[in-house]
Amino acid sequence: MMRGYIDDHERLRGAYPQVSVVAVPRDAPFAAMVDTAVDALPAPGEDLVVARRTGGRAGRRPVRPRDRTHWLWLLHEDSAPDPSALAKLTAVVAQSERVGIAGCKVVDAADPTVLLDIGTDVTRTGRHVGAAAGETDQGQQDHRRDVLSVSSAGMLVRQDTYNTLGGFDPAFDGEGDGLDLGWRAHLIGHSVVVVPAARVRQVAADAGRDATTLRRHRQVALARASLLGMPFLAIWTALSSLLLTLVLLLGKRPRRAGVELAQGTAPLGMLRILGARGRFFRRGTTRRRNLRALFVPAAGALRAAYDGLLDGAGGRSRGAMARDAGAAETGPVPAVAEELRVERGPIARSVLGPAGLLVLLLAIASAVLWRDLLTSGALTGTGRGLTGGQLLPFDTDATGIWRTYRDAWVGPGLGHPATDAPYLLVLAPLAWLVGLLPWIDHDAAGGVAVAWLLFAAMPLSGLAAYRAGRVATDARWPRLAVALLWATLPTLTTAVAQGRLGAVVGHILLPFALAGTLAALRRGASGAVTFAAVLAVALTGAFSPVLLIVCSAVALAGVLLAPGVGRLRALAVFVVPWLLLGPWSRDVLTGDRRGLLAGPGALDPTRGGGVHPWELALLHPGGPGSYAVLASIPVLAIGLIGLVRTGLGRSGAALVGVGLLGLGAALAAPHVLLAATSRGDATPWTGPALDVYGFALLAAGLLGIAGLGAGRWRPWVHGLTAVACVGACAVAGFGVWTASATALTPVVSSLPSVVQRQLTSGPAPRALLLTAASDDAVTYQLIGREAGLPARDLRSPYPSYDARTAAAARVLTSTGASGRTEGSRLMHQLGVEYVVVRGAAAVRRLDAPLSTTAGLTQLSAGRSSSVWRVEPTSTTGGDEVGSSRLVILQGGRPTTELASRAQHGRTDLTVPAGAPGRTLVLSEGSGWTEHGRVALDGRVLSASPGADQPTYVLPAGGGHLVVETGVRHEWLAWMQLGLSIVVLYLAIPFGTRRPRTEQVSGT
């Protein structure tokens, strides 16, 4: 065929009158073609080219003296070298006798400005990095010379090098031949260079790195590694590729994950690898460590993997930046300006841009608002959190928070049936992270986490509003002004000052929830945006159910009015958040619907506090933490001006609807009675509804600013933006200076430290705290290792006692003779080991009856406090049994106390054998038996009916005892977990369909 092709073209026939053609099979790989052609070259004194094969491939061939001056130039059938390429190659190889292989710069045949290959970049493990592939060729790689290998397209090989190596190894034909040839050339003492001045144009598809090629590169590395290092290298290749495959799958890059998984299977081709090793056995003359400088370091491989993830997340790798630079080239620039041009990464752009300034300003504003508590242990982390307002002491760790969410029997004192509090799922990991800090008391991590969350509310709110503002505009400084106003609204300062945890977190997340919901209704919204909105709405609803209702109402409007596929996205935002909240959704929809208007710190016992409707229209809920009402006029003005600018189009009408919904809910809230408390009739707090109203105003203002970039307002944009930023700073400064978090105080333990430590010991005893406001009024509180919820709610604080506790306290505080003998027995039934008296009036009132009570020993005495210990009871055998959550009785008398490893009697231990008729008694509330579970050697025991305390009959043989408090809605929890993982995965902003060069790089 080739002979006929030459005969048909006169120019070729004239240029090559004596051309020799060697026929090879049609499906022969390129390396086999080259080997056949080299074998056909005439020997000295011969003139004929004869195709012949002697021996196997990759075997050492005889080297003749003239081979040191003969060179082989290899060209693919789809490659076209520049006319001067060969001359430039020969000029370079003539400079050194060590050069055995030289390669060309390979560019795209369709677009010669795109660089395809300029030397093969791999790590020692054979991972192909290829940082130059796909870049715009601006000469940025022309400094390269010594490389590990070069592309076989345009490769120039000295014939003695080729014969010494035996040519291409058949194990890597087609997919790794060039890399293997160059690697072996280095091992026999030759160097491989790339000549950037020599260019070869090649079809880009043929120059790509598919899965098979990358797998072959890994096998080349295994074949050329040391014999001792090869097993370890094979294990590392498999494990690292599997790990990166999982990361890429999480990053929604299934194609790249498949390629990576294919590389992980490289060690499975061990026969191919061992065959290649055998053909090159004992032929290397150079130590492998001398090739170290030719490999890409491990840090480079990690950076390349990170760039790949940024590629899917809308980030910009160095290659993308180079292409952007080429695309944006407008002409020559001074060399100094070119040197000063610095490309910042996303983190640097955020820290050094408006976002960093915003966080700094709001951190200062938050410090001013918290000026009275800055040096308290609650904020420095050395204390146990905050209390006051709507906050309750939250003296627990991450495990305690998790058990409070999961267990069926929870709460302080004797406990109570669990109530759904989905926000605990968010607080638990925060408390875990806080507990890792070395100076934090691990047992108080929950309270410290809540205190820090309140302190960081302003910076977090501002940052959330700044990021969510990209739905309206990419202009950064207008977003900064709006974010400053949002983060210092009186709704937030009041919520922080009053310890309204749910309203604070709802304020932080609301911009993401509502902006995401509105963005999901747009045409062309991505799935990641939709499910990110779902996640934001669910998190917002976990802390503030009122905001969940608002977001659901907006999504429902989208279901009815959105165009096309937008209705399905709106339906997802409407339905999935309720499914994510699982058990809580079921309980509030089928049971007590008051929970839809409640939440942690969401009740207002003042029924609106006498705030006038016009004050609500200016976003002021009233109460501690609020500031001058008229200071919010700029927010209202910005919103109205924005609506005038945008008109009542689709976006404007949506914001008007959202704003009216929020304002109407705020006006109606004081008239909705939720509960009657000791502090007054409680209604929903107006703050979350006003947040919705404020969001609509600021969003309308931001849309109005976004429209100023064109038309007659264009020259005024920068000035108006500067005025808005200065005005926002002034409003924020005035707000935080006139407001203060005076309602909150650091938590002070009501028990002495020695008593507090004993509550978490093995028997897990309780303490009875007695106080008195006057000589006649005595109050009591049963305290154990358990904590309640962090803020007041419909059922929080829950009573820590029952009728038995009231009877015990009454006996202890009575002056009759019966209290002297009954007090100790009642204390043991409650698991109480310490009685603590606080307050001078209480000490005066209770000192006499406690000192005459049998079984009580005074440990400390003072004018304002005293501590008494309940003495252990004696058994018939002379042993002592102290106060404990779990006690074994024989004939109605305590015989053994058991250790409790967790809240409310949970344990897992071995019970020794004993006499028949023994009973296990738990010092828990009477309702514990309906939720808890007691099993001995796997057999569930039944509770004794009619007993005042949870009582179970134990067999005489003993065995392995397991006491559990029960799990609420176990199957719903597993469904909730699975759905949460799916939604979180779908919300990850990887796998974007837009190329990096088209994405917005600003923040």
# chains A, B, ... in the order shown; residues from 1 in each chain; ligands from 1

$ residues_around --residues "Leu561 in chain A" --least-positions-apart "6" --cutoff "10 Å" --atoms "only C-alpha atoms" --output "list of chain:residue names"
A:Leu521, A:Ala555, A:Arg567, A:Ala570

$ closest_atom_pairs --of "range 846-895 of chain A" --to "range 832-841 of chain A" --cutoff "9 Å" --atoms "only C-alpha atoms" --output "JSON lines"
{"residue": "A:Leu846", "atom": "CA", "partner": "A:Val837", "partner_atom": "CA", "distance": 7.9}
{"residue": "A:Asp847", "atom": "CA", "partner": "A:Val837", "partner_atom": "CA", "distance": 8.8}
{"residue": "A:Leu856", "atom": "CA", "partner": "A:Val835", "partner_atom": "CA", "distance": 8.6}
{"residue": "A:Gly862", "atom": "CA", "partner": "A:Ala840", "partner_atom": "CA", "distance": 8.6}
{"residue": "A:Arg863", "atom": "CA", "partner": "A:Ala840", "partner_atom": "CA", "distance": 5.7}
{"residue": "A:Ser864", "atom": "CA", "partner": "A:Ala840", "partner_atom": "CA", "distance": 4.2}
{"residue": "A:Ser865", "atom": "CA", "partner": "A:Arg838", "partner_atom": "CA", "distance": 4.5}
{"residue": "A:Ser866", "atom": "CA", "partner": "A:Val837", "partner_atom": "CA", "distance": 5.2}
{"residue": "A:Val867", "atom": "CA", "partner": "A:Val836", "partner_atom": "CA", "distance": 4.6}
{"residue": "A:Trp868", "atom": "CA", "partner": "A:Val835", "partner_atom": "CA", "distance": 5.0}
{"residue": "A:Arg869", "atom": "CA", "partner": "A:Tyr834", "partner_atom": "CA", "distance": 4.6}
{"residue": "A:Val870", "atom": "CA", "partner": "A:Glu833", "partner_atom": "CA", "distance": 4.9}
{"residue": "A:Glu871", "atom": "CA", "partner": "A:Glu833", "partner_atom": "CA", "distance": 7.5}
{"residue": "A:Pro872", "atom": "CA", "partner": "A:Glu833", "partner_atom": "CA", "distance": 8.6}
{"residue": "A:Gly882", "atom": "CA", "partner": "A:Glu833", "partner_atom": "CA", "distance": 7.6}
{"residue": "A:Ser883", "atom": "CA", "partner": "A:Glu833", "partner_atom": "CA", "distance": 5.4}
{"residue": "A:Ser884", "atom": "CA", "partner": "A:Val832", "partner_atom": "CA", "distance": 7.6}
{"residue": "A:Arg885", "atom": "CA", "partner": "A:Val832", "partner_atom": "CA", "distance": 8.8}

$ select_by_dssp --residues "range 68-191 of chain A" --states "helix (DSSP H, G or I)" --output "MDAnalysis selection string"
chainID A and resid 68 85:93 159:165 170:172 177:187

$ closest_residue --among "A:Thr721, A:Ser191, A:Thr517, A:Thr646" --to "Ala468 in chain A" --atoms "only C-alpha atoms"
A:Thr517

$ closest_residue --among "A:Thr919, A:Thr404, A:Ser851, A:Thr123" --to "Gln903 in chain A" --atoms "only C-alpha atoms"
A:Thr404

$ closest_atom_pairs --of "range 797-871 of chain A" --to "range 889-898 of chain A" --cutoff "12 Å" --atoms "only C-alpha atoms" --output "JSON lines"
{"residue": "A:Arg825", "atom": "CA", "partner": "A:Arg893", "partner_atom": "CA", "distance": 10.5}
{"residue": "A:His828", "atom": "CA", "partner": "A:Pro894", "partner_atom": "CA", "distance": 9.5}
{"residue": "A:Gln829", "atom": "CA", "partner": "A:Pro894", "partner_atom": "CA", "distance": 10.2}
{"residue": "A:Gly831", "atom": "CA", "partner": "A:Glu897", "partner_atom": "CA", "distance": 10.5}

$ residues_around --residues "Gly566 in chain A" --least-positions-apart "6" --cutoff "8 Å" --atoms "only C-alpha atoms" --output "PyMOL selection string"
chain A and resi 520-523+525+558-559

$ atom_distance --atom1 "CA of Pro790 in chain A" --atom2 "CA of Gly694 in chain A"
27.0 Å

$ residues_around --residues "Val554 in chain A" --least-positions-apart "5" --cutoff "9 Å" --atoms "only C-alpha atoms" --output "list in words"
Leu514, Thr517, Leu518, Ile549, Val559, Ala570, Phe574, Ala654, Gly657 and Val658 of chain A

$ write_last_selection --atoms "N, CA and C atoms" --output "short mmCIF file (atom, residue, chain, number, x, y, z; two decimals), in the first residue's frame"
data_model
loop_
_atom_site.label_atom_id
_atom_site.label_comp_id
_atom_site.auth_asym_id
_atom_site.auth_seq_id
_atom_site.Cartn_x
_atom_site.Cartn_y
_atom_site.Cartn_z
N LEU A 514 -33.40 30.66 52.41
CA LEU A 514 -34.33 31.36 51.52
C LEU A 514 -33.70 31.68 50.16
N THR A 517 -33.61 28.48 48.27
CA THR A 517 -34.95 28.10 47.80
C THR A 517 -35.34 28.91 46.58
N LEU A 518 -35.11 30.21 46.61
CA LEU A 518 -35.45 31.06 45.46
C LEU A 518 -34.56 30.72 44.26
N ILE A 549 -41.43 26.55 58.31
CA ILE A 549 -42.75 26.77 57.74
C ILE A 549 -42.69 27.83 56.65
N VAL A 559 -43.88 25.30 43.69
CA VAL A 559 -44.52 24.12 43.10
C VAL A 559 -45.71 24.53 42.23
N ALA A 570 -38.71 22.68 43.32
CA ALA A 570 -39.46 23.27 44.42
C ALA A 570 -40.11 22.19 45.28
N PHE A 574 -39.68 21.50 49.22
CA PHE A 574 -40.88 21.48 50.06
C PHE A 574 -40.99 20.22 50.90
N ALA A 654 -41.81 37.97 44.25
CA ALA A 654 -41.48 36.92 45.21
C ALA A 654 -41.01 37.51 46.52
N GLY A 657 -43.91 39.03 48.46
CA GLY A 657 -44.68 37.98 49.12
C GLY A 657 -43.98 37.47 50.36
N VAL A 658 -42.67 37.24 50.27
CA VAL A 658 -41.91 36.75 51.43
C VAL A 658 -41.93 37.78 52.55
#

$ atom_distance --atom1 "CA of Ala445 in chain A" --atom2 "CA of Ser376 in chain A"
15.5 Å

$ closest_residue --among "A:Ala198, A:Val748, A:Ile188, A:Ala602" --to "Ala102 in chain A" --atoms "only C-alpha atoms"
A:Ala198

$ closest_atom_pairs --of "range 344-455 of chain A" --to "range 617-632 of chain A" --cutoff "12 Å" --atoms "only C-alpha atoms" --output "tab-separated table"
residue	atom	partner	partner_atom	distance
A:Leu369	CA	A:Gly625	CA	8.7
A:Trp370	CA	A:Gly625	CA	10.6
A:Gly388	CA	A:Pro624	CA	11.7
A:Gly389	CA	A:Pro624	CA	9.2
A:Gln390	CA	A:Pro624	CA	11.7
